[in-house]
>>> print(open('my_file18.csv').read())   # CSV, C-alpha atoms
chain,number,residue,atom,x,y,z
A,1,MET,CA,123.3,94.1,3.6
A,2,ILE,CA,125.5,91.3,4.7
A,3,ASN,CA,126.2,93.0,8.0
A,4,PHE,CA,122.4,93.4,8.6
A,5,ILE,CA,121.8,89.7,8.0
A,6,LEU,CA,124.6,88.8,10.4
A,7,TYR,CA,123.1,91.1,13.0
A,8,VAL,CA,119.7,89.6,12.7
A,9,VAL,CA,121.0,86.0,12.9
A,10,TYR,CA,123.1,86.8,15.9
A,11,ASN,CA,120.1,88.3,17.8
A,12,ILE,CA,117.9,85.5,16.9
A,13,ASN,CA,120.4,82.9,18.2
A,14,TYR,CA,120.8,85.0,21.3
A,15,HIS,CA,117.0,84.9,22.0
A,16,ILE,CA,116.8,81.3,21.2
A,17,ILE,CA,119.6,80.5,23.6
A,18,CYS,CA,117.9,82.6,26.3
A,19,CYS,CA,114.6,80.8,25.7
A,20,LEU,CA,116.4,77.5,25.8
A,21,PHE,CA,118.0,78.4,29.1
A,22,LEU,CA,114.7,79.6,30.5
A,23,ILE,CA,113.0,76.4,29.4
A,24,LEU,CA,115.8,74.3,31.0
A,25,PHE,CA,115.5,76.3,34.2
A,26,VAL,CA,111.7,75.7,34.3
A,27,ILE,CA,112.2,72.0,33.7
A,28,ILE,CA,114.8,71.9,36.6
A,29,ILE,CA,112.4,73.7,38.9
A,30,VAL,CA,109.6,71.3,38.0
A,31,ILE,CA,111.8,68.3,38.5
A,32,LEU,CA,113.0,69.6,41.9
A,33,GLN,CA,109.5,70.2,43.1
A,34,SER,CA,108.5,66.8,41.9
A,35,PHE,CA,111.4,65.2,43.9
A,36,ASP,CA,110.4,67.3,47.0
A,37,TYR,CA,106.8,66.1,46.6
A,38,LEU,CA,107.9,62.5,46.2
A,39,TYR,CA,110.3,62.8,49.2
A,40,ASN,CA,107.6,64.3,51.4
A,41,ASN,CA,105.1,61.7,50.4
A,42,GLN,CA,107.8,59.0,50.9
A,43,LEU,CA,108.6,60.4,54.4
A,44,LEU,CA,104.9,60.5,55.3
A,45,PHE,CA,104.5,57.0,54.0
A,46,LEU,CA,107.5,55.8,56.1
A,47,LYS,CA,106.2,57.5,59.2
A,48,SER,CA,102.8,56.0,58.7
A,49,PHE,CA,104.3,52.6,58.1
A,50,ALA,CA,106.5,52.9,61.2
A,51,LYS,CA,103.5,54.0,63.3
A,52,GLU,CA,101.4,51.1,61.9
A,53,SER,CA,104.3,48.7,62.5
A,54,LYS,CA,104.8,49.9,66.1
A,55,GLU,CA,101.1,49.6,66.7
A,56,LYS,CA,101.2,46.1,65.3
A,57,VAL,CA,104.2,45.2,67.5
A,58,ASP,CA,102.4,46.6,70.5
A,59,GLU,CA,99.3,44.7,69.6
A,60,ASP,CA,101.3,41.5,69.2
A,61,GLU,CA,103.1,42.1,72.5
A,62,GLU,CA,99.9,42.8,74.3
A,63,SER,CA,98.3,39.8,72.7
A,64,SER,CA,101.3,37.7,73.7
A,65,ASN,CA,101.1,39.0,77.3
A,66,LYS,CA,97.4,38.3,77.4
A,67,LYS,CA,98.0,34.7,76.2
A,68,LEU,CA,100.8,34.3,78.8
A,69,ILE,CA,98.5,35.6,81.6
A,70,GLN,CA,95.7,33.3,80.4
A,71,GLN,CA,98.1,30.4,80.5
A,72,GLN,CA,99.2,31.3,84.0
A,73,LEU,CA,95.7,31.6,85.2
A,74,ALA,CA,94.8,28.3,83.6
A,75,LEU,CA,97.8,26.7,85.3
A,76,LYS,CA,96.8,28.2,88.6
A,77,GLU,CA,93.2,27.0,88.2
A,78,MET,CA,94.4,23.6,87.3
A,79,LEU,CA,96.7,23.5,90.4
A,80,GLY,CA,94.0,24.9,92.6
A,81,ILE,CA,95.8,28.2,93.2
A,82,SER,CA,93.6,31.2,93.5
A,83,SER,CA,94.5,34.7,92.4
A,84,PRO,CA,95.0,37.4,95.0
A,85,SER,CA,91.8,39.3,95.8
A,86,SER,CA,91.6,43.1,96.0
A,87,SER,CA,90.7,42.9,99.6
A,88,SER,CA,93.9,41.0,100.5
A,89,ASN,CA,91.9,38.7,102.7
A,90,THR,CA,93.5,35.3,102.8
A,91,ASN,CA,91.5,34.2,105.8
A,92,THR,CA,88.6,32.6,104.1
A,93,THR,CA,87.6,29.1,105.1
A,94,ASP,CA,88.0,27.7,101.6
A,95,THR,CA,91.6,29.0,101.1
A,96,ILE,CA,93.6,26.3,99.5
A,97,ILE,CA,97.3,26.1,100.5
A,98,PRO,CA,99.3,24.5,97.7
A,99,GLN,CA,101.0,21.3,98.6
A,100,ILE,CA,104.6,20.6,97.6
A,101,TYR,CA,104.4,16.9,98.6
A,102,PRO,CA,101.3,14.8,99.0
A,103,SER,CA,99.7,14.0,102.3
A,104,LYS,CA,100.3,10.6,103.9
A,105,ILE,CA,97.3,8.3,103.2
A,106,ASN,CA,97.7,4.6,103.8
A,107,SER,CA,101.3,5.0,102.8
A,108,ASP,CA,102.8,2.5,105.2
A,109,ASN,CA,100.4,-0.4,104.6
A,110,ASP,CA,99.2,0.0,108.2
A,111,ASN,CA,95.8,1.5,107.3
A,112,SER,CA,97.0,4.8,108.9
A,113,ILE,CA,96.2,8.3,107.7
A,114,GLY,CA,98.8,10.9,108.5
A,115,GLU,CA,98.1,13.5,111.1
A,116,GLU,CA,97.0,17.0,110.0
A,117,PHE,CA,96.4,20.4,111.5
A,118,ARG,CA,94.7,23.5,110.2
A,119,LEU,CA,94.4,26.7,112.2
A,120,ASN,CA,90.9,27.3,113.5
A,121,LYS,CA,90.5,30.8,112.4
A,122,THR,CA,87.4,31.4,114.5
A,123,ASN,CA,89.0,30.1,117.7
A,124,PRO,CA,92.7,29.3,117.4
A,125,ASN,CA,92.8,27.8,120.9
A,126,ASP,CA,90.6,24.9,119.9
A,127,MET,CA,91.7,22.9,123.0
A,128,ILE,CA,92.1,19.9,120.7
A,129,GLN,CA,95.5,20.6,119.1
A,130,MET,CA,96.3,24.1,120.5
A,131,ASP,CA,96.0,25.9,123.8
A,132,GLU,CA,97.8,29.2,124.2
A,133,THR,CA,95.4,30.7,126.7
A,134,LYS,CA,98.1,31.2,129.3
A,135,ARG,CA,100.2,33.3,127.0
A,136,ASP,CA,98.5,36.7,126.8
A,137,TYR,CA,100.6,38.0,123.9
A,138,ILE,CA,99.4,35.2,121.5
A,139,PHE,CA,96.1,35.7,119.7
A,140,THR,CA,95.6,39.0,121.4
A,141,LYS,CA,93.0,40.2,119.0
A,142,GLN,CA,91.4,39.3,115.7
A,143,ASN,CA,91.9,41.8,112.9
A,144,LYS,CA,89.2,42.9,110.5
A,145,ASP,CA,90.8,40.8,107.7
A,146,GLY,CA,90.4,37.7,110.0
A,147,SER,CA,94.1,37.4,110.9
A,148,TRP,CA,95.2,37.1,114.6
A,149,ARG,CA,97.7,39.5,116.2
A,150,ILE,CA,100.8,38.0,117.8
A,151,ASP,CA,102.4,40.7,120.0
A,152,GLU,CA,106.0,41.2,120.6
A,153,GLY,CA,107.8,39.1,123.1
A,154,ARG,CA,109.0,35.5,122.7
A,155,PRO,CA,105.9,33.8,121.2
A,156,ARG,CA,105.9,30.0,121.2
A,157,ILE,CA,102.9,28.4,119.6
A,158,ASP,CA,102.7,24.7,120.2
A,159,ILE,CA,100.7,22.5,117.8
A,160,PHE,CA,100.0,18.9,118.8
A,161,THR,CA,98.8,15.8,116.9
A,162,LYS,CA,95.2,14.9,117.5
A,163,ASP,CA,96.3,11.5,118.8
A,164,ALA,CA,98.5,13.0,121.4
A,165,GLY,CA,96.2,15.8,122.4
A,166,ILE,CA,97.5,18.9,124.2
A,167,LEU,CA,100.5,17.7,126.3
A,168,SER,CA,101.5,19.7,129.3
A,169,ASN,CA,105.1,20.0,130.5
A,170,LYS,CA,104.0,18.6,133.8
A,171,GLN,CA,102.9,15.4,132.1
A,172,ILE,CA,106.0,15.2,129.8
A,173,LEU,CA,108.5,15.8,132.5
A,174,GLN,CA,107.7,12.8,134.7
A,175,LYS,CA,110.3,10.4,135.8
A,176,ASN,CA,107.9,7.6,135.3
A,177,LEU,CA,108.0,7.0,131.5
A,178,SER,CA,104.8,4.9,131.5
A,179,LYS,CA,102.9,7.8,132.9
A,180,SER,CA,104.5,10.5,130.8
A,181,GLY,CA,104.0,8.6,127.6
A,182,ILE,CA,107.5,9.5,126.4
A,183,GLN,CA,109.3,6.5,125.1
A,184,SER,CA,112.8,7.4,126.1
A,185,TRP,CA,115.2,10.4,126.6
A,186,ASN,CA,118.0,8.4,125.0
A,187,TYR,CA,118.7,9.3,121.4
A,188,SER,CA,120.0,5.8,120.4
A,189,GLU,CA,116.8,4.3,121.7
A,190,LEU,CA,114.6,6.9,120.0
A,191,LYS,CA,116.4,6.3,116.7
A,192,ASP,CA,115.4,2.6,117.0
A,193,ILE,CA,111.9,3.3,118.2
A,194,GLY,CA,111.2,6.0,115.7
A,195,TYR,CA,109.1,8.5,117.7
A,196,TRP,CA,109.0,10.4,121.0
A,197,TYR,CA,105.4,9.6,122.0
A,198,LYS,CA,103.3,7.5,119.6
A,199,PRO,CA,103.7,6.0,116.1
A,200,SER,CA,101.3,8.8,115.0
A,201,ASP,CA,103.9,11.5,115.8
A,202,TRP,CA,104.8,13.9,113.1
A,203,LYS,CA,108.0,12.8,111.4
A,204,ASN,CA,107.9,13.7,107.7
A,205,VAL,CA,106.1,17.0,107.7
A,206,GLU,CA,105.2,20.0,105.5
A,207,VAL,CA,104.4,23.0,107.7
A,208,THR,CA,103.0,26.1,106.1
A,209,LEU,CA,102.9,29.4,108.0
A,210,ILE,CA,101.1,32.5,106.4
A,211,PHE,CA,101.9,35.7,108.3
A,212,LYS,CA,102.6,39.4,108.0
A,213,LEU,CA,105.6,40.8,109.9
A,214,LEU,CA,104.7,44.1,111.6
A,215,ASP,CA,107.7,44.9,113.8
A,216,SER,CA,110.9,43.3,115.1
A,217,ALA,CA,113.0,44.7,118.0
A,218,ARG,CA,116.7,44.5,117.4
A,219,SER,CA,119.5,44.1,119.9
A,220,LYS,CA,123.0,45.3,118.9
A,221,GLY,CA,122.2,45.1,115.2
A,222,GLU,CA,121.5,41.3,115.3
A,223,GLU,CA,119.0,39.8,113.0
A,224,HIS,CA,115.9,38.3,114.4
A,225,ALA,CA,114.1,35.4,112.9
A,226,LEU,CA,111.0,33.3,113.0
A,227,SER,CA,111.4,29.5,113.3
A,228,ILE,CA,109.3,26.5,112.5
A,229,VAL,CA,110.6,23.9,114.9
A,230,THR,CA,110.1,20.2,114.2
A,231,ARG,CA,110.9,16.8,116.0
A,232,SER,CA,111.1,18.3,119.5
A,233,ILE,CA,109.2,17.4,122.6
A,234,THR,CA,110.0,20.2,125.1
A,235,HIS,CA,112.2,23.2,125.5
A,236,SER,CA,111.4,23.8,129.2
A,237,GLN,CA,114.5,22.2,130.7
A,238,LEU,CA,118.0,23.6,130.2
A,239,ASP,CA,121.1,21.4,130.1
A,240,LYS,CA,122.7,23.6,132.9
A,241,ASP,CA,119.8,22.8,135.2
A,242,TYR,CA,120.3,19.1,134.9
A,243,LYS,CA,121.3,17.4,138.1
A,244,LYS,CA,123.4,14.4,137.2
A,245,SER,CA,121.8,11.4,138.9
A,246,ASP,CA,121.0,7.9,137.9
A,247,ASP,CA,117.3,8.2,138.4
A,248,GLU,CA,116.6,11.6,136.7
A,249,PRO,CA,115.9,11.7,133.0
A,250,LYS,CA,117.8,14.1,130.9
A,251,TYR,CA,114.9,16.3,130.1
A,252,PHE,CA,116.9,18.8,128.2
A,253,CYS,CA,117.4,16.2,125.5
A,254,GLY,CA,113.7,16.9,124.6
A,255,GLY,CA,114.9,20.1,123.0
A,256,SER,CA,116.6,18.3,120.2
A,257,SER,CA,115.0,19.7,117.0
A,258,TYR,CA,115.4,21.2,113.5
A,259,HIS,CA,114.7,24.8,112.9
A,260,ASN,CA,113.7,26.3,109.5
A,261,ASN,CA,114.5,30.0,109.9
A,262,ILE,CA,113.4,33.1,108.1
A,263,SER,CA,114.8,36.5,109.2
A,264,ASN,CA,113.2,39.9,109.3
A,265,GLU,CA,115.6,40.8,106.5
A,266,GLY,CA,114.3,38.1,104.3
A,267,GLN,CA,117.1,35.5,104.6
A,268,VAL,CA,116.8,31.8,105.3
A,269,ARG,CA,118.9,29.2,107.1
A,270,MET,CA,118.6,26.0,109.0
A,271,LYS,CA,119.5,25.2,112.6
A,272,LYS,CA,119.9,22.0,114.5
A,273,GLU,CA,119.4,22.0,118.2
A,274,GLU,CA,121.3,19.0,119.6
A,275,LEU,CA,119.8,19.5,123.1
A,276,HIS,CA,118.4,22.4,125.0
A,277,VAL,CA,120.2,24.6,124.7
A,278,ASP,CA,123.0,23.7,122.2
A,279,TYR,CA,122.8,24.9,118.6
A,280,GLU,CA,124.5,24.1,115.4
A,281,ARG,CA,123.8,27.1,113.1
A,282,GLU,CA,124.2,27.6,109.4
A,283,GLU,CA,125.2,31.0,108.1
A,284,TYR,CA,122.3,32.7,106.3
A,285,ASN,CA,122.2,31.6,102.6
A,286,PRO,CA,124.2,34.4,100.9
A,287,ASN,CA,122.5,33.7,97.5
A,288,MET,CA,119.0,34.2,98.8
A,289,ASN,CA,117.6,37.4,100.1
A,290,LEU,CA,113.9,38.3,99.9
A,291,GLY,CA,114.5,41.8,101.1
A,292,ASN,CA,112.3,43.7,103.5
A,293,LEU,CA,109.4,41.5,104.7
A,294,TYR,CA,107.5,44.1,106.8
A,295,ASN,CA,103.8,44.6,106.1
A,296,LYS,CA,103.7,41.8,103.4
A,297,ILE,CA,101.5,38.7,103.7
A,298,ILE,CA,103.9,35.9,102.9
A,299,GLY,CA,103.8,32.1,102.9
A,300,PHE,CA,106.7,30.2,104.5
A,301,LYS,CA,107.0,26.4,104.3
A,302,ALA,CA,109.3,24.2,106.4
A,303,ILE,CA,109.5,20.7,105.0
A,304,VAL,CA,111.4,18.0,107.0
A,305,TYR,CA,111.7,14.3,106.1
A,306,ASN,CA,113.9,11.3,106.4
A,307,ILE,CA,115.9,10.2,103.4
A,308,ASN,CA,116.8,7.0,105.1
A,309,SER,CA,117.4,5.6,108.6
A,310,THR,CA,120.4,7.9,109.2
A,311,ALA,CA,119.8,11.1,107.2
A,312,VAL,CA,117.2,13.9,107.2
A,313,LYS,CA,116.5,16.6,104.6
A,314,MET,CA,115.2,20.1,105.4
A,315,GLU,CA,113.7,22.4,102.8
A,316,SER,CA,112.4,26.0,103.0
A,317,TRP,CA,109.9,27.3,100.5
A,318,VAL,CA,108.3,30.8,100.2
A,319,ASP,CA,105.6,32.7,98.4
A,320,VAL,CA,106.1,36.5,98.8
A,321,TYR,CA,104.0,37.6,95.8
A,322,ASN,CA,100.6,35.9,96.3
A,323,GLU,CA,99.8,36.1,100.0
A,324,GLY,CA,100.7,32.5,100.7
A,325,LYS,CA,98.3,31.1,98.0
A,326,GLY,CA,101.3,30.0,95.9
A,327,PRO,CA,103.0,29.1,93.9
A,328,TYR,CA,105.9,28.5,96.3
A,329,VAL,CA,109.6,28.5,95.4
A,330,LYS,CA,112.3,26.5,97.1
A,331,LEU,CA,114.9,28.9,98.5
A,332,HIS,CA,117.1,26.6,100.6
A,333,GLN,CA,117.8,23.0,101.6
A,334,LYS,CA,120.1,21.1,103.8
A,335,ILE,CA,120.8,17.4,104.5
A,336,ASP,CA,121.8,16.2,107.9
A,337,LYS,CA,123.8,13.0,107.1
A,338,GLY,CA,124.5,12.3,110.7
A,339,ASN,CA,127.6,14.4,110.9
A,340,TRP,CA,126.1,17.8,111.8
A,341,GLY,CA,127.0,18.6,115.4
A,342,ASN,CA,129.4,17.5,118.1
A,343,ASN,CA,127.5,17.0,121.3
A,344,MET,CA,124.7,14.5,120.6
A,345,LYS,CA,126.4,11.8,122.8
A,346,VAL,CA,125.5,13.8,125.9
A,347,CYS,CA,122.0,12.4,125.2
A,348,ASP,CA,123.4,8.9,124.4
A,349,ALA,CA,123.3,9.2,120.7
A,350,TYR,CA,125.3,6.7,118.6
A,351,THR,CA,127.4,9.6,117.2
A,352,ASN,CA,128.0,13.2,118.2
A,353,GLY,CA,126.4,14.4,114.9
A,354,GLN,CA,123.5,11.8,114.8
A,355,ALA,CA,120.5,12.9,112.7
A,356,ILE,CA,117.2,13.4,114.5
A,357,THR,CA,115.3,10.7,112.6
A,358,TRP,CA,112.4,10.2,115.1
A,359,GLY,CA,109.0,11.8,115.1
A,360,SER,CA,107.4,14.2,117.6
A,361,PRO,CA,103.8,14.9,118.6
A,362,MET,CA,104.4,18.7,118.5
A,363,ILE,CA,105.4,21.4,116.1
A,364,ILE,CA,106.5,24.8,117.5
A,365,ILE,CA,106.2,28.2,115.8
A,366,LYS,CA,108.8,30.3,117.5
A,367,SER,CA,110.1,33.9,117.2
A,368,ASN,CA,112.1,36.3,119.2
A,369,ASP,CA,110.8,39.9,119.4
A,370,PHE,CA,108.5,39.6,116.5
A,371,LYS,CA,105.2,41.3,116.2
A,372,PHE,CA,103.1,39.8,113.4
A,373,ASP,CA,99.7,38.9,112.2
A,374,LEU,CA,99.0,35.2,111.7
A,375,TYR,CA,96.7,34.3,108.8
A,376,ASP,CA,97.0,30.5,108.6
A,377,ILE,CA,98.9,27.5,109.7
A,378,GLU,CA,98.8,24.0,108.2
A,379,VAL,CA,100.7,20.9,109.3
A,380,ARG,CA,100.6,17.7,107.3
A,381,GLU,CA,102.3,14.4,107.5
A,382,ILE,CA,103.6,13.8,104.0
A,383,ILE,CA,104.9,11.1,101.7
A,384,PRO,CA,108.5,12.1,101.1
A,385,PRO,CA,109.8,12.2,97.5
A,386,ASN,CA,111.5,9.1,96.2
A,387,THR,CA,110.0,6.9,98.9
A,388,LYS,CA,107.2,4.4,99.0
>>> encode(input="my_file18.csv", output="structure tokens")
Amino acid sequence: MINFILYVVYNINYHIICCLFLILFVIIIVILQSFDYLYNNQLLFLKSFAKESKEKVDEDEESSNKKLIQQQLALKEMLGISSPSSSSNTNTTDTIIPQIYPSKINSDNDNSIGEEFRLNKTNPNDMIQMDETKRDYIFTKQNKDGSWRIDEGRPRIDIFTKDAGILSNKQILQKNLSKSGIQSWNYSELKDIGYWYKPSDWKNVEVTLIFKLLDSARSKGEEHALSIVTRSITHSQLDKDYKKSDDEPKYFCGGSSYHNNISNEGQVRMKKEELHVDYEREEYNPNMNLGNLYNKIIGFKAIVYNINSTAVKMESWVDVYNEGKGPYVKLHQKIDKGNWGNNMKVCDAYTNGQAITWGSPMIIIKSNDFKFDLYDIEVREIIPPNTK
């Protein structure tokens, strides 16, 4: 009897234990499934949150960019700078060229207004300030976008003040100064007089050239450049042609000038021509390289002004992103303190490095072996910074 009872108890305990293990197993399965469900839901939640966060970041970034663009457009509108058009046509009559320095208006208490020039886009040879009819490679044709083709060669575009009118070399190179209108060929005298031809000569100027470089021939790998030439009167007489005599002016001294250069490879530098032809050249600025300029409409500014009676500052500004409409960025500058050069005394300067502080009635756009389209030119007499 006792053995039977023990047998029953043993079997009952065994079944209970099995049931307990089975229940425990089921509980574990349920718990694991719950964890898996929670994990998947958590993962989905995190993914959803990440997506929403990214979308919010993108929206914030886009909103920030839009605000920045709006601020830039507002600034451009305030400054009078228009945005580039889809047609890339900068040759509209109402195109505003941004000014770095203000134009001269009654700045010298002499009731004078500074001379100005703007390219006549319908007829560049206006016969008032420009006449290049004898040079068949200049203004050869007008393009559909309104620009004018300047073919390869050695183009020299002379721009005169209205007061001077178009001066011919025949008139300038007269021995009789009273007939030529030239004040002197002597640099010391010109420094004291202050101008080559008339008080209205361009002295402190901001010259803007908007162009597109199409081609540039190269010789032995040398760079070619376009120059904006200021403070010169003539480059038609070479120093080697000068016959030394007491009664013949040193016409080659008329070539004294400053050159703001921009090369076909997008580099800038300054040159000083002591006389024609004797150059002092800078190396191209190694820290500034605009890269390939071909087939881009760019704006290039040459700014030249007197700091005082013995020093001249030159600045080069460019706009390579907005077709010359601005804003412009200053790339390079140089100050001639009267110690740049070693040959100015040939033209009776006070010193061999004397600064060219006197004005000129002409501006020259000069290039060697360039083929380009010309969109606009502006020349303004300016009020230099930090002067009255």
>>> atom_distance(input="my_file18.csv", atom1="atom CA of A:Gly324", atom2="atom CA of A:Gly114")
23.0 Å
>>> closest_residue(input="my_file18.csv", among="A:Lys334, A:Lys179, A:Arg231, A:Lys371", to="A:Tyr294", atoms="only C-alpha atoms")
A:Lys371
>>> atom_distance(input="my_file18.csv", atom1="atom CA of A:Glu273", atom2="atom CA of A:Phe211")
24.3 Å
>>> atom_distance(input="my_file18.csv", atom1="atom CA of A:Phe160", atom2="atom CA of A:Lys191")
20.8 Å
>>> residues_around(input="my_file18.csv", residues="A:His332", least_positions_apart="2", cutoff="6 Å", atoms="all atoms listed in the file", output="list in words")
Glu315, Ser316 and Lys330 of chain A
>>> residues_around(input="my_file18.csv", residues="A:Phe117", least_positions_apart="2", cutoff="10 Å", atoms="all atoms listed in the file", output="ChimeraX atom specification")
/A:115,119-120,129-130,159-162,207,377-381
>>> closest_residue(input="my_file18.csv", among="A:Ser103, A:Asn352, A:Thr122, A:Asn342", to="A:Ser188", atoms="only C-alpha atoms")
A:Asn352
>>> residues_around(input="my_file18.csv", residues="stretch 260-269 of chain A", least_positions_apart="3", cutoff="9 Å", atoms="only C-alpha atoms", output="VMD selection string")
chain A and resid 213 215 to 216 223 to 230 281 to 286 288 to 294 300 to 304 314 to 316 331 to 334 370
>>> residues_around(input="my_file18.csv", residues="A:Thr140", least_positions_apart="3", cutoff="10 Å", atoms="only C-alpha atoms", output="compact mmCIF listing (two decimals) with C-alpha atoms, in the frame of the given file")
# COMPACT_ATOMS: atom_id res chain seq x y z
CA THR A 133 95.40 30.70 126.70
CA ARG A 135 100.20 33.30 127.00
CA ASP A 136 98.50 36.70 126.80
CA TYR A 137 100.60 38.00 123.90
CA ASN A 143 91.90 41.80 112.90
CA TRP A 148 95.20 37.10 114.60
CA ARG A 149 97.70 39.50 116.20
CA ILE A 150 100.80 38.00 117.80
CA ASP A 151 102.40 40.70 120.00
>>> decode(input="my_file18.csv", residues="stretch 257-269 of chain A", atoms="N, CA and C atoms", output="PDB file, in the first residue's frame")
ATOM      1  N   SER A 257      53.291 105.700 -68.831  1.00  0.00           N
ATOM      2  CA  SER A 257      51.933 105.254 -68.517  1.00  0.00           C
ATOM      3  C   SER A 257      51.934 104.162 -67.459  1.00  0.00           C
ATOM      4  N   TYR A 258      50.735 103.924 -66.912  1.00  0.00           N
ATOM      5  CA  TYR A 258      50.497 102.778 -66.034  1.00  0.00           C
ATOM      6  C   TYR A 258      49.614 101.776 -66.771  1.00  0.00           C
ATOM      7  N   HIS A 259      49.918 100.491 -66.568  1.00  0.00           N
ATOM      8  CA  HIS A 259      49.174  99.415 -67.219  1.00  0.00           C
ATOM      9  C   HIS A 259      48.618  98.466 -66.160  1.00  0.00           C
ATOM     10  N   ASN A 260      47.296  98.310 -66.126  1.00  0.00           N
ATOM     11  CA  ASN A 260      46.661  97.253 -65.332  1.00  0.00           C
ATOM     12  C   ASN A 260      46.455  96.069 -66.269  1.00  0.00           C
ATOM     13  N   ASN A 261      47.151  94.973 -66.006  1.00  0.00           N
ATOM     14  CA  ASN A 261      47.156  93.807 -66.898  1.00  0.00           C
ATOM     15  C   ASN A 261      46.283  92.678 -66.361  1.00  0.00           C
ATOM     16  N   ILE A 262      45.615  91.988 -67.295  1.00  0.00           N
ATOM     17  CA  ILE A 262      44.972  90.712 -66.976  1.00  0.00           C
ATOM     18  C   ILE A 262      45.325  89.759 -68.105  1.00  0.00           C
ATOM     19  N   SER A 263      45.853  88.589 -67.756  1.00  0.00           N
ATOM     20  CA  SER A 263      46.365  87.668 -68.762  1.00  0.00           C
ATOM     21  C   SER A 263      45.285  86.692 -69.221  1.00  0.00           C
ATOM     22  N   ASN A 264      45.580  85.983 -70.310  1.00  0.00           N
ATOM     23  CA  ASN A 264      44.643  84.980 -70.812  1.00  0.00           C
ATOM     24  C   ASN A 264      44.512  83.805 -69.848  1.00  0.00           C
ATOM     25  N   GLU A 265      45.420  83.686 -68.910  1.00  0.00           N
ATOM     26  CA  GLU A 265      45.351  82.609 -67.923  1.00  0.00           C
ATOM     27  C   GLU A 265      44.802  83.090 -66.584  1.00  0.00           C
ATOM     28  N   GLY A 266      44.228  84.300 -66.584  1.00  0.00           N
ATOM     29  CA  GLY A 266      43.532  84.776 -65.402  1.00  0.00           C
ATOM     30  C   GLY A 266      44.423  85.311 -64.305  1.00  0.00           C
ATOM     31  N   GLN A 267      45.584  85.839 -64.668  1.00  0.00           N
ATOM     32  CA  GLN A 267      46.471  86.442 -63.674  1.00  0.00           C
ATOM     33  C   GLN A 267      46.523  87.954 -63.873  1.00  0.00           C
ATOM     34  N   VAL A 268      46.864  88.668 -62.808  1.00  0.00           N
ATOM     35  CA  VAL A 268      46.898  90.124 -62.862  1.00  0.00           C
ATOM     36  C   VAL A 268      48.257  90.644 -62.398  1.00  0.00           C
ATOM     37  N   ARG A 269      48.611  91.803 -62.929  1.00  0.00           N
ATOM     38  CA  ARG A 269      49.834  92.483 -62.514  1.00  0.00           C
ATOM     39  C   ARG A 269      49.770  93.936 -62.985  1.00  0.00           C
TER      40      ARG A 269
END
